[in-house]
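Visitor: What follows is the file protein-v5.cif, containing mmCIF, C-alpha atoms:
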```cif
data_data
loop_
_atom_site.label_atom_id
_atom_site.label_comp_id
_atom_site.auth_asym_id
_atom_site.auth_seq_id
_atom_site.Cartn_x
_atom_site.Cartn_y
_atom_site.Cartn_z
CA MET A 17 0.00 0.00 0.00
CA ASP A 18 1.52 3.34 -0.99
CA SER A 19 1.17 6.60 0.92
CA PHE A 20 -1.86 7.72 -1.07
CA GLU A 21 -3.73 4.57 -0.17
CA ALA A 22 -2.61 4.80 3.45
CA GLU A 23 -3.87 8.35 3.66
CA LEU A 24 -7.10 7.37 1.96
CA GLN A 25 -7.60 4.59 4.50
CA ALA A 26 -7.04 7.07 7.32
CA CYS A 27 -9.85 9.27 5.97
CA LEU A 28 -12.39 6.45 5.64
CA PRO A 29 -13.93 6.70 9.13
CA ASP A 30 -14.76 10.38 8.68
CA LEU A 31 -16.01 9.82 5.14
CA TRP A 32 -18.26 7.07 6.39
CA ARG A 33 -19.59 9.17 9.24
CA TYR A 34 -20.46 12.02 6.91
CA GLY A 35 -22.04 9.60 4.44
CA TYR A 36 -24.07 8.07 7.24
CA ALA A 37 -25.27 11.46 8.47
CA LEU A 38 -26.29 12.51 4.96
CA THR A 39 -28.09 9.30 4.06
CA ARG A 40 -29.14 8.17 7.58
CA ASN A 41 -28.53 4.64 6.39
CA ARG A 42 -25.54 2.42 7.17
CA ASP A 43 -25.67 0.43 3.96
CA ALA A 44 -25.94 3.58 1.90
CA ALA A 45 -22.95 4.99 3.79
CA ASP A 46 -20.94 1.82 3.03
CA ASP A 47 -21.76 2.17 -0.66
CA LEU A 48 -20.92 5.87 -0.70
CA VAL A 49 -17.52 5.26 0.87
CA GLN A 50 -16.79 2.38 -1.49
CA ASP A 51 -17.73 4.43 -4.55
CA CYS A 52 -15.81 7.41 -3.25
CA ALA A 53 -12.65 5.33 -2.68
CA GLU A 54 -12.88 3.80 -6.13
CA ARG A 55 -13.32 7.12 -7.79
CA ALA A 56 -10.49 8.64 -5.76
CA LEU A 57 -8.13 5.86 -6.82
CA ASN A 58 -9.11 6.37 -10.42
CA LYS A 59 -8.49 10.09 -10.20
CA ARG A 60 -5.46 10.06 -7.97
CA SER A 61 -3.23 11.63 -10.58
CA GLN A 62 -5.39 14.70 -10.38
CA TRP A 63 -5.10 15.05 -6.64
CA ARG A 64 -1.30 15.27 -6.59
CA GLU A 65 -1.62 18.81 -7.86
CA GLN A 66 -4.07 19.87 -5.23
CA GLY A 67 -2.84 19.47 -1.67
CA ALA A 68 -4.89 18.17 1.24
CA LEU A 69 -6.53 14.85 0.55
CA LYS A 70 -9.44 14.84 2.96
CA PRO A 71 -11.38 17.83 1.56
CA TRP A 72 -10.89 16.42 -1.92
CA LEU A 73 -12.27 13.05 -0.83
CA MET A 74 -15.19 14.72 0.93
CA LYS A 75 -15.94 16.64 -2.25
CA ILE A 76 -16.02 13.40 -4.25
CA LEU A 77 -18.30 11.77 -1.70
CA LEU A 78 -20.60 14.76 -1.66
CA ASN A 79 -20.83 14.77 -5.46
CA ILE A 80 -21.77 11.11 -5.51
CA TYR A 81 -24.37 11.69 -2.81
CA ARG A 82 -25.88 14.67 -4.60
CA ASN A 83 -26.08 12.83 -7.91
CA GLN A 84 -27.78 9.87 -6.31
CA LYS A 85 -30.18 12.08 -4.44
CA ARG A 86 -31.04 13.93 -7.62
CA SER A 87 -31.75 10.74 -9.49
CA LEU A 88 -33.96 9.58 -6.63
CA SER A 89 -35.78 12.88 -6.40
CA ARG A 90 -37.42 12.06 -9.71
CA ARG A 91 -39.27 9.41 -7.74
CA PRO A 92 -40.78 11.40 -4.90
CA GLU A 93 -42.54 8.42 -3.33
CA LEU A 94 -39.14 7.03 -2.32
CA VAL A 95 -37.93 10.26 -0.79
CA ALA A 96 -40.99 10.67 1.39
CA VAL A 97 -40.21 7.52 3.34
CA ASP A 98 -36.79 8.84 4.32
CA ASN A 99 -38.18 12.14 5.52
CA THR A 100 -40.72 10.81 7.94
CA ASP A 101 -39.04 7.72 9.30
CA LEU A 102 -37.27 8.44 12.56
CA SER A 103 -36.90 4.82 13.60
CA TRP A 104 -33.26 4.82 12.50
CA MET A 105 -32.37 6.89 15.54
CA PRO A 106 -30.26 5.15 18.15
CA VAL A 107 -32.07 4.55 21.43
CA SER A 108 -30.43 6.73 23.99
CA SER A 109 -29.61 5.46 27.43
CA ASP A 110 -29.24 9.04 28.61
CA PRO A 111 -31.81 10.85 30.71
CA TYR A 112 -35.18 11.58 29.18
CA ALA A 113 -34.36 15.22 28.48
CA SER A 114 -31.46 14.29 26.28
CA HIS A 115 -33.67 11.92 24.31
CA ILE A 116 -36.14 14.71 23.67
CA ALA A 117 -33.29 16.87 22.43
CA LEU A 118 -32.24 14.10 20.09
CA CYS A 119 -35.73 13.75 18.64
CA GLU A 120 -36.23 17.47 18.22
CA ILE A 121 -32.85 17.96 16.62
CA ALA A 122 -33.34 14.96 14.35
CA ARG A 123 -36.67 16.32 13.23
CA SER A 124 -35.47 19.82 12.60
CA LEU A 125 -32.31 18.57 10.91
CA GLN A 126 -34.51 16.99 8.27
CA LYS A 127 -36.30 20.28 7.75
CA LEU A 128 -33.11 22.25 7.13
CA PRO A 129 -32.35 23.30 3.58
CA GLU A 130 -29.96 20.76 2.06
CA GLU A 131 -27.09 23.26 1.80
CA GLN A 132 -27.30 24.10 5.52
CA ARG A 133 -27.53 20.44 6.50
CA GLU A 134 -24.50 19.53 4.37
CA ALA A 135 -22.48 22.38 5.91
CA LEU A 136 -23.43 21.74 9.54
CA LEU A 137 -22.81 17.99 9.37
CA LEU A 138 -19.53 18.48 7.57
CA VAL A 139 -18.19 20.85 10.23
CA VAL A 140 -19.47 18.92 13.23
CA LEU A 141 -18.71 15.34 12.19
CA THR A 142 -15.65 15.21 9.97
CA GLY A 143 -12.98 17.19 11.80
CA LEU A 144 -12.29 19.45 8.83
CA SER A 145 -11.18 23.02 9.44
CA TYR A 146 -13.55 25.77 8.30
CA ARG A 147 -11.24 26.44 5.39
CA GLU A 148 -11.27 22.81 4.30
CA ALA A 149 -15.04 22.56 4.76
CA ALA A 150 -15.54 25.64 2.59
CA GLU A 151 -13.23 24.11 0.00
CA THR A 152 -15.20 20.87 0.07
CA LEU A 153 -18.49 22.67 -0.45
CA GLU A 154 -16.90 25.01 -3.00
CA ILE A 155 -18.14 28.11 -1.22
CA PRO A 156 -16.37 31.06 0.44
CA ILE A 157 -15.77 30.82 4.19
CA GLY A 158 -18.24 33.65 4.79
CA THR A 159 -20.98 31.63 3.12
CA LEU A 160 -20.05 28.60 5.19
CA MET A 161 -20.33 30.65 8.39
CA SER A 162 -23.69 32.04 7.43
CA ARG A 163 -25.05 28.57 6.59
CA LEU A 164 -23.74 27.30 9.89
CA GLY A 165 -25.33 30.22 11.74
CA ARG A 166 -28.72 29.77 10.09
CA ALA A 167 -28.68 26.01 10.66
CA ARG A 168 -27.97 26.47 14.35
CA ILE A 169 -30.71 29.05 14.75
CA SER A 170 -33.22 26.70 13.11
CA LEU A 171 -32.24 23.81 15.36
CA ARG A 172 -32.50 26.03 18.41
CA VAL A 173 -35.91 27.41 17.52
CA ALA A 174 -37.18 23.90 16.93
CA ARG A 175 -35.88 22.69 20.27
CA ASP A 176 -37.11 25.61 22.32
CA GLY A 177 -40.44 26.07 20.63
CA TYR A 178 -41.22 22.43 19.83
CA SER A 179 -42.27 23.63 16.42
CA SER A 180 -40.31 25.40 13.78
CA ASP A 181 -43.56 27.06 12.63
CA SER A 182 -43.60 29.17 15.75
CA PRO A 183 -41.33 32.21 15.75
CA THR A 184 -41.35 32.43 19.55
CA ILE A 185 -38.92 30.49 21.63
CA GLN A 186 -41.27 30.02 24.56
CA PRO A 187 -41.87 26.42 25.49
CA SER A 188 -45.59 25.74 25.52
CA SER A 189 -46.58 25.03 29.08
CA THR A 190 -49.94 23.85 30.28
CA MET B 11 -27.55 44.55 24.27
CA THR B 12 -26.06 47.29 22.13
CA GLU B 13 -22.56 46.56 23.31
CA PRO B 14 -20.32 46.06 20.29
CA TYR B 15 -18.99 42.54 19.86
CA ALA B 16 -15.39 42.25 20.77
CA ILE B 17 -15.91 38.57 20.10
CA SER B 18 -17.73 37.99 16.83
CA MET B 19 -20.40 35.40 16.18
CA ASP B 20 -17.93 33.63 13.91
CA MET B 21 -15.54 33.37 16.84
CA LEU B 22 -18.28 31.81 18.94
CA HIS B 23 -18.97 29.24 16.22
CA ALA B 24 -15.26 28.54 15.93
CA PHE B 25 -15.06 28.13 19.71
CA VAL B 26 -17.85 25.55 19.70
CA ASP B 27 -16.34 23.70 16.75
CA GLY B 28 -12.87 23.56 18.26
CA GLN B 29 -11.38 25.68 15.49
CA LEU B 30 -9.54 28.23 17.65
CA ASP B 31 -5.95 28.26 18.77
CA ASP B 32 -5.20 28.40 22.50
CA ASP B 33 -4.98 32.20 22.75
CA ASP B 34 -8.30 32.81 21.06
CA ARG B 35 -9.96 30.04 22.99
CA ILE B 36 -8.93 31.60 26.28
CA ARG B 37 -10.15 35.02 25.09
CA VAL B 38 -13.57 33.57 24.28
CA GLU B 39 -13.74 31.71 27.59
CA GLN B 40 -13.06 34.94 29.46
CA TRP B 41 -15.63 36.79 27.38
CA LEU B 42 -18.30 34.22 28.12
CA VAL B 43 -17.88 34.65 31.86
CA HIS B 44 -19.16 38.21 31.56
CA HIS B 45 -21.65 37.70 28.73
CA PRO B 46 -24.30 35.24 29.83
CA GLU B 47 -26.35 35.57 26.62
CA ASP B 48 -23.41 34.46 24.54
CA ALA B 49 -22.64 31.78 27.08
CA ALA B 50 -26.19 30.46 26.71
CA LEU B 51 -25.83 30.47 22.94
CA VAL B 52 -22.56 28.59 23.12
CA ALA B 53 -24.04 26.08 25.55
CA GLU B 54 -26.95 25.49 23.19
CA TRP B 55 -24.65 24.93 20.23
CA GLN B 56 -22.51 22.55 22.24
CA VAL B 57 -25.61 20.50 23.02
CA GLN B 58 -26.47 20.52 19.31
CA ASN B 59 -23.00 19.31 18.36
CA GLU B 60 -23.02 16.57 20.98
CA THR B 61 -26.46 15.47 19.88
CA LEU B 62 -25.43 15.29 16.24
CA ARG B 63 -22.38 13.24 17.15
CA GLU B 64 -24.56 10.93 19.19
CA MET B 65 -27.03 10.56 16.34
CA PHE B 66 -24.30 9.73 13.85
CA PRO B 67 -21.63 7.87 15.78
CA ALA B 68 -18.34 7.02 14.17
CA MET B 69 -18.48 3.52 12.79
CA GLU B 70 -17.36 0.64 14.93
CA SER B 71 -14.79 -0.65 12.46
CA ILE B 72 -13.03 0.53 9.37
CA PRO B 73 -15.28 -0.24 6.42
CA HIS B 74 -14.04 -2.91 4.13
CA VAL B 75 -13.06 -1.03 1.04
CA ARG B 76 -11.69 -2.87 -1.94
CA LEU B 77 -8.63 -0.90 -2.88
CA GLY B 78 -6.86 -1.31 -6.16
CA THR B 79 -9.12 -3.85 -7.79
CA GLN B 80 -11.64 -2.29 -10.10
CA SER B 81 -9.74 0.93 -9.88
CA GLN B 82 -6.92 -0.44 -11.99
CA ARG B 83 -9.05 -0.97 -15.04
CA GLN B 84 -9.22 2.65 -16.15
CA ARG B 85 -6.04 4.54 -15.51
CA ILE B 86 -6.48 8.18 -16.31
CA PRO B 87 -3.72 9.56 -18.53
CA LEU B 88 -1.37 11.59 -16.40
CA HIS B 89 -2.06 14.97 -17.80
CA ASN B 90 -2.33 18.21 -15.95
CA PHE B 91 -5.93 19.32 -15.86
CA LYS B 92 -5.43 23.06 -15.77
CA PRO B 93 -3.76 23.73 -19.13
CA ILE B 94 -6.50 21.68 -20.77
CA GLY B 95 -9.04 23.83 -18.99
CA VAL B 96 -7.54 26.95 -20.48
CA ALA B 97 -7.36 25.45 -23.95
CA THR B 98 -10.93 24.29 -23.63
CA PHE B 99 -12.04 27.69 -22.52
CA ALA B 100 -10.40 29.31 -25.53
CA MET B 101 -12.03 26.79 -27.79
CA VAL B 102 -15.38 27.39 -26.16
CA LEU B 103 -15.12 31.10 -26.79
CA MET B 104 -14.23 30.47 -30.40
CA LEU B 105 -16.98 27.97 -30.96
CA PHE B 106 -19.46 30.14 -29.20
CA GLY B 107 -18.80 32.84 -31.76
CA VAL B 108 -19.15 30.40 -34.63
CA VAL B 109 -22.31 28.83 -33.34
CA SER B 110 -24.04 32.03 -32.32
CA GLY B 111 -23.47 33.24 -35.85
CA TRP B 112 -25.05 30.05 -36.99
CA TYR B 113 -28.00 30.67 -34.70
CA ALA B 114 -28.35 34.18 -36.00
CA ARG B 115 -29.02 32.91 -39.50
CA GLY B 116 -32.35 31.83 -38.09
CA VAL B 117 -32.50 28.63 -40.07
CA PHE B 118 -35.17 26.74 -38.25
CA SER B 119 -37.15 24.34 -40.30
CA GLU B 120 -40.54 23.09 -39.23
CA ILE B 121 -40.28 20.68 -36.39
CA ASN B 122 -42.80 18.48 -34.78
CA THR B 123 -42.85 19.80 -31.23
CA GLU B 124 -44.63 16.83 -29.74
CA THR B 125 -42.02 14.43 -31.10
CA THR B 126 -39.26 16.71 -29.92
CA HIS B 127 -40.77 16.84 -26.48
CA VAL B 128 -40.89 13.05 -26.24
CA VAL B 129 -37.33 12.61 -27.48
CA LEU B 130 -36.01 15.23 -25.10
CA SER B 131 -37.78 13.82 -22.13
CA GLU B 132 -36.50 10.34 -22.97
CA ALA B 133 -32.96 11.59 -23.47
CA MET B 134 -32.96 13.48 -20.18
CA SER B 135 -34.49 10.57 -18.28
CA ALA B 136 -31.89 8.20 -19.71
CA HIS B 137 -29.18 10.58 -18.58
CA VAL B 138 -30.56 10.97 -15.08
CA ILE B 139 -31.02 7.23 -14.63
CA TYR B 140 -27.76 5.93 -16.09
CA ALA B 141 -25.25 8.74 -15.53
CA SER B 142 -25.78 8.53 -11.78
CA ASP B 143 -25.14 4.79 -11.77
CA LEU B 144 -21.57 4.33 -10.62
CA ARG B 145 -21.27 0.61 -10.81
CA ARG B 146 -22.90 -0.21 -14.09
CA PRO B 147 -23.64 2.93 -16.08
CA VAL B 148 -23.15 1.21 -19.44
CA GLU B 149 -23.73 -2.22 -20.94
CA ILE B 150 -20.57 -2.23 -23.00
CA THR B 151 -17.51 -0.32 -21.82
CA ALA B 152 -15.23 1.82 -23.92
CA ASP B 153 -12.50 -0.83 -24.10
CA LYS B 154 -14.84 -2.70 -26.46
CA GLU B 155 -15.77 0.36 -28.45
CA SER B 156 -15.94 -1.33 -31.85
CA LEU B 157 -18.24 -4.02 -30.49
CA LEU B 158 -20.39 -1.36 -28.88
CA VAL B 159 -20.70 0.67 -32.05
CA LYS B 160 -21.38 -2.38 -34.20
CA TRP B 161 -24.09 -3.60 -31.85
CA LEU B 162 -25.86 -0.25 -31.49
CA SER B 163 -25.65 0.36 -35.25
CA LYS B 164 -27.26 -2.98 -35.88
CA ARG B 165 -30.08 -2.35 -33.42
CA LEU B 166 -30.83 1.14 -34.71
CA GLY B 167 -30.40 0.15 -38.35
CA TYR B 168 -27.94 2.96 -39.07
CA ARG B 169 -24.22 3.11 -39.00
CA LEU B 170 -23.36 4.98 -35.82
CA GLU B 171 -20.11 6.23 -34.42
CA ALA B 172 -19.00 7.13 -30.93
CA PRO B 173 -17.62 10.65 -31.31
CA ASN B 174 -14.23 11.28 -29.79
CA LEU B 175 -14.40 14.11 -27.25
CA SER B 176 -11.01 13.67 -25.64
CA ALA B 177 -9.80 16.99 -27.01
CA LEU B 178 -12.48 18.62 -24.88
CA GLY B 179 -11.53 16.64 -21.77
CA LEU B 180 -14.12 13.88 -21.98
CA LYS B 181 -13.41 10.22 -22.43
CA LEU B 182 -15.86 7.57 -23.54
CA VAL B 183 -17.21 5.43 -20.69
CA GLY B 184 -19.21 3.16 -22.97
CA GLY B 185 -22.77 2.84 -24.12
CA ARG B 186 -26.04 1.02 -23.90
CA LEU B 187 -29.27 0.42 -25.70
CA VAL B 188 -32.30 2.20 -24.21
CA PRO B 189 -35.96 1.91 -25.09
CA SER B 190 -37.85 4.81 -26.61
CA ARG B 191 -41.28 5.46 -28.03
CA ASP B 192 -39.83 5.16 -31.52
CA GLY B 193 -37.93 1.92 -30.94
CA PRO B 194 -34.39 1.32 -29.77
CA ALA B 195 -32.19 4.29 -28.96
CA ALA B 196 -28.46 4.43 -28.38
CA LEU B 197 -26.85 6.06 -25.37
CA PHE B 198 -23.15 6.93 -25.40
CA MET B 199 -21.70 8.04 -22.10
CA TYR B 200 -18.68 10.29 -21.53
CA GLU B 201 -16.94 11.39 -18.38
CA ASP B 202 -14.49 14.12 -17.45
CA ASP B 203 -11.63 13.97 -14.94
CA THR B 204 -13.93 14.71 -12.03
CA GLY B 205 -16.39 11.96 -12.98
CA ASN B 206 -18.97 14.40 -14.31
CA ARG B 207 -20.86 12.63 -17.07
CA VAL B 208 -22.36 13.72 -20.35
CA THR B 209 -24.54 11.45 -22.47
CA LEU B 210 -25.29 11.43 -26.17
CA TYR B 211 -28.70 10.02 -26.98
CA VAL B 212 -29.42 8.94 -30.55
CA VAL B 213 -32.79 7.81 -31.84
CA HIS B 214 -34.73 7.52 -35.09
CA GLY B 215 -35.99 10.84 -36.30
CA SER B 216 -39.38 11.59 -37.75
CA GLY B 217 -37.76 13.06 -40.83
CA ASP B 218 -38.12 16.57 -39.44
CA GLN B 219 -34.78 18.14 -39.85
CA MET B 220 -33.37 20.75 -37.54
CA ALA B 221 -30.67 22.74 -39.19
CA ALA B 222 -29.59 24.32 -35.93
CA PHE B 223 -28.96 23.30 -32.40
CA ARG B 224 -31.75 23.73 -29.96
CA TYR B 225 -31.33 24.09 -26.27
CA LYS B 226 -33.37 23.00 -23.29
CA SER B 227 -32.60 23.11 -19.60
CA ASP B 228 -34.30 21.53 -16.65
CA GLY B 229 -32.70 22.79 -13.46
CA ASN B 230 -29.00 22.05 -13.79
CA LEU B 231 -29.56 19.52 -16.51
CA LYS B 232 -28.92 20.99 -19.94
CA THR B 233 -29.49 19.58 -23.39
CA PHE B 234 -28.50 20.53 -26.89
CA TYR B 235 -30.38 18.64 -29.55
CA TRP B 236 -30.49 18.54 -33.31
CA SER B 237 -31.37 16.15 -36.09
CA ASP B 238 -30.33 15.10 -39.53
CA GLU B 239 -32.49 13.37 -42.10
CA LYS B 240 -32.40 10.06 -40.25
CA LEU B 241 -31.60 10.52 -36.61
CA VAL B 242 -32.25 12.83 -33.69
CA TYR B 243 -29.35 13.57 -31.35
CA ALA B 244 -29.49 14.94 -27.82
CA LEU B 245 -26.41 15.76 -25.78
CA VAL B 246 -27.29 15.95 -22.09
CA GLY B 247 -25.21 16.94 -19.08
CA GLU B 248 -24.81 19.04 -15.99
CA VAL B 249 -22.14 21.29 -17.37
CA ALA B 250 -21.96 24.94 -18.32
CA ARG B 251 -24.03 25.77 -21.34
CA THR B 252 -21.03 27.03 -23.30
CA LYS B 253 -19.13 23.84 -22.53
CA LEU B 254 -22.04 21.70 -23.63
CA LEU B 255 -22.36 23.72 -26.79
CA SER B 256 -18.71 23.18 -27.68
CA LEU B 257 -19.19 19.45 -27.08
CA ALA B 258 -22.35 19.42 -29.22
CA THR B 259 -20.50 21.23 -31.98
CA SER B 260 -17.73 18.67 -31.91
CA VAL B 261 -20.22 15.78 -31.99
CA TYR B 262 -22.09 17.37 -34.86
CA GLU B 263 -18.91 17.88 -36.87
CA GLN B 264 -17.77 14.31 -36.34
CA LEU B 265 -21.09 12.76 -37.26
CA SER B 266 -21.96 14.82 -40.30
#
```
For this file, produce the structure as structure tokens.

Guide:
Amino acid sequence: MDSFEAELQACLPDLWRYGYALTRNRDAADDLVQDCAERALNKRSQWREQGALKPWLMKILLNIYRNQKRSLSRRPELVAVDNTDLSWMPVSSDPYASHIALCEIARSLQKLPEEQREALLLVVLTGLSYREAAETLEIPIGTLMSRLGRARISLRVARDGYSSDSPTIQPSST
Amino acid sequence: MTEPYAISMDMLHAFVDGQLDDDDRIRVEQWLVHHPEDAALVAEWQVQNETLREMFPAMESIPHVRLGTQSQRQRIPLHNFKPIGVATFAMVLMLFGVVSGWYARGVFSEINTETTHVVLSEAMSAHVIYASDLRRPVEITADKESLLVKWLSKRLGYRLEAPNLSALGLKLVGGRLVPSRDGPAALFMYEDDTGNRVTLYVVHGSGDQMAAFRYKSDGNLKTFYWSDEKLVYALVGEVARTKLLSLATSVYEQLS
């Protein structure tokens, strides 16, 4: 195994985690990582010119994911299942409050615009620097920060207000 | 409330995401002691981050990835991408001039719009379905190009050719037969260095001849289409319109 392959291997756990968060499906994450690795090996000559490997790999993975999602979106009946099914969530052994937080965040995560979801998950789960994340998403850092900011506001409103429809952040008490 | 931010919102995000060096981190920590609103915000974001990490845990074991098996079959020629990009860009500009002049002649013959609509929709569907398929996008791969061309020619009843687009940075992936309202259609697939794919769809024409390219876009998906006396051609891809036009021009020149 040469150094490229060694470095690729080292990036696999983070690639898989991001793929899992995007697809919410372990098998789909496996496939994404496999396809990403294959494509990266095919295109390795191109990378030599470009510096850091991980953002480049993330970019490849994201492209594959977006293409697949687009081809599925022509069949809306398949997408709907993904959006409503929360049974994939791990059962938390933490106190009840933390489980509520998990549910609320999971729900509002699904409601985020795709671009905000991609940005938030990339920053939180993959260990990339802001600069590398911006490079992966092919946006300026300022845009990355604003997507991150908006995503976090949406998640907060959802958690505090129990409904993202409500602009107030008062918990409804009876 | 109106106090100017010595610590910006971006800094707070960076603090939560562990993106600060030690000095900045200590500055933010000190700031938070005296700014409870910001401290609450930071605490909220930390809960969000922890929750996301809990929802999507790192995998238990390294995934089994097959390295260096399939990947060996198509070695990309070791060329530098950037100079080609510049050359392509120059060519695009040149072709754009040529083709817009061609457009300006206004040579549009009568076309059957219903037929065109069907062909376009079939060509775009074929692209969406097969170009996104990473494992088996084509039935016959480019290493058996002559077999591919012979087979598709036989099924369509016309002598076809797979245009060579390597000068524009695209290599042939292969092709397949696809069904259409008007019988069998041929799909040739091309791919650039980043794996972005463009497909050429060829099907029997209705005899309506289009003397110029026509253009249709559906979101990011763009199509140039034209016809000769026998066949209708549609070149479909998610690339810049000017790039697609230069590709279409090259295909047209090679096939006419």

Visitor: Using all atoms listed in the file, find each residue in chain A having at least one atom no more than 6 Å away from chain B; report its shortest atom-to-atom pair and that distance in Å (one decimal), rows by chain then rising number, as a Markdown table.

Guide:
```
| residue | atom | partner | partner_atom | distance |
| --- | --- | --- | --- | --- |
| A:Arg33 | CA | B:Ala68 | CA | 5.5 |
| A:Ala37 | CA | B:Phe66 | CA | 5.7 |
| A:Gln50 | CA | B:Val75 | CA | 5.7 |
| A:Glu54 | CA | B:Ser81 | CA | 5.7 |
| A:Asn58 | CA | B:Ser81 | CA | 5.5 |
| A:Asn83 | CA | B:Ser142 | CA | 5.8 |
| A:Gln84 | CA | B:Ser142 | CA | 6.0 |
| A:Ser87 | CA | B:Val138 | CA | 5.7 |
| A:Leu118 | CA | B:Thr61 | CA | 5.9 |
```

Visitor: List as a ChimeraX atom specification the protein and nucleic acid residues near Phe25 (chain B), meaning an atom at most 12 Å away when all atoms listed in the file are counted, but skip any in the same chain fewer than 3 places from it.

Guide: /A:146 /B:17-22,28-39,41-42,48-49,51-53,55-56,59

Visitor: So what does the PyMOL selection byres ((chain A and resi 52) around 10) actually pick up in this one, as a PDB file with C-alpha atoms, keeping the file's coordinate frame?

Guide:
```pdb
ATOM      1  CA  LEU A  28     -12.390   6.450   5.640  1.00  0.00           C
ATOM      2  CA  LEU A  31     -16.010   9.820   5.140  1.00  0.00           C
ATOM      3  CA  TRP A  32     -18.260   7.070   6.390  1.00  0.00           C
ATOM      4  CA  ASP A  46     -20.940   1.820   3.030  1.00  0.00           C
ATOM      5  CA  ASP A  47     -21.760   2.170  -0.660  1.00  0.00           C
ATOM      6  CA  LEU A  48     -20.920   5.870  -0.700  1.00  0.00           C
ATOM      7  CA  VAL A  49     -17.520   5.260   0.870  1.00  0.00           C
ATOM      8  CA  GLN A  50     -16.790   2.380  -1.490  1.00  0.00           C
ATOM      9  CA  ASP A  51     -17.730   4.430  -4.550  1.00  0.00           C
ATOM     10  CA  ALA A  53     -12.650   5.330  -2.680  1.00  0.00           C
ATOM     11  CA  GLU A  54     -12.880   3.800  -6.130  1.00  0.00           C
ATOM     12  CA  ARG A  55     -13.320   7.120  -7.790  1.00  0.00           C
ATOM     13  CA  ALA A  56     -10.490   8.640  -5.760  1.00  0.00           C
ATOM     14  CA  LEU A  57      -8.130   5.860  -6.820  1.00  0.00           C
ATOM     15  CA  ASN A  58      -9.110   6.370 -10.420  1.00  0.00           C
ATOM     16  CA  LEU A  73     -12.270  13.050  -0.830  1.00  0.00           C
ATOM     17  CA  MET A  74     -15.190  14.720   0.930  1.00  0.00           C
ATOM     18  CA  LYS A  75     -15.940  16.640  -2.250  1.00  0.00           C
ATOM     19  CA  ILE A  76     -16.020  13.400  -4.250  1.00  0.00           C
ATOM     20  CA  LEU A  77     -18.300  11.770  -1.700  1.00  0.00           C
ATOM     21  CA  LEU A  78     -20.600  14.760  -1.660  1.00  0.00           C
ATOM     22  CA  ASN A  79     -20.830  14.770  -5.460  1.00  0.00           C
ATOM     23  CA  ILE A  80     -21.770  11.110  -5.510  1.00  0.00           C
ATOM     24  CA  TYR A  81     -24.370  11.690  -2.810  1.00  0.00           C
TER      25      TYR A  81
ATOM     26  CA  VAL B  75     -13.060  -1.030   1.040  1.00  0.00           C
ATOM     27  CA  LEU B 144     -21.570   4.330 -10.620  1.00  0.00           C
TER      28      LEU B 144
END
```

Visitor: When you draw a straight line from CA of Arg86 (chain A) to CA of Ile155 (chain A), how long is it in Å?

Guide: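 Atom-to-atom, CA of Arg86 (chain A) to CA of Ile155 (chain A), that is 20.2 Å.
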
Visitor: Can you tell me, as a PyMOL selection string, what residues are no more than 9 Å from Val261 (chain B) when counting all atoms listed in the file, ignoring any on the same chain fewer than 6 positions away?

Guide: chain B and resi 172-175+210+245

Visitor: For a test of reading the model, state the distance in Å between CA of Gly247 (chain B) and CA of Leu231 (chain B), rounded to one decimal.

Guide: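 Distance reported for this atom pair: 5.7 Å.
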
Visitor: So which residues touch Leu144 (chain A) within 10 Å, counting only C-alpha atoms, skipping near sequence neighbours fewer than 5 positions away, as a ChimeraX atom specification?

Guide: /A:30,70-71,74,138-139,149-150,152 /B:27,29

Visitor: Could you check how far CA of Phe20 (chain A) sits from CA of Leu180 (chain B), in Å to one decimal?

Guide: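 So the two atoms, CA of Phe20 (chain A) and CA of Leu180 (chain B), lie 25.0 Å apart.
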
Visitor: Name the residues that the PyMOL selection byres ((chain B and resi 148-162) around 7) picks from the file above, as a JSON list (two decimals) with C-alpha atoms, in the coordinates of the input, using the file's chain letters and numbers.

Guide:
```
[["chain", "number", "residue", "atom", "x", "y", "z"],
["B", 146, "ARG", "CA", -22.90, -0.21, -14.09],
["B", 147, "PRO", "CA", -23.64, 2.93, -16.08],
["B", 163, "SER", "CA", -25.65, 0.36, -35.25],
["B", 164, "LYS", "CA", -27.26, -2.98, -35.88],
["B", 165, "ARG", "CA", -30.08, -2.35, -33.42],
["B", 166, "LEU", "CA", -30.83, 1.14, -34.71],
["B", 170, "LEU", "CA", -23.36, 4.98, -35.82],
["B", 171, "GLU", "CA", -20.11, 6.23, -34.42],
["B", 172, "ALA", "CA", -19.00, 7.13, -30.93],
["B", 182, "LEU", "CA", -15.86, 7.57, -23.54],
["B", 183, "VAL", "CA", -17.21, 5.43, -20.69],
["B", 184, "GLY", "CA", -19.21, 3.16, -22.97],
["B", 185, "GLY", "CA", -22.77, 2.84, -24.12],
["B", 186, "ARG", "CA", -26.04, 1.02, -23.90],
["B", 187, "LEU", "CA", -29.27, 0.42, -25.70],
["B", 196, "ALA", "CA", -28.46, 4.43, -28.38]]
```
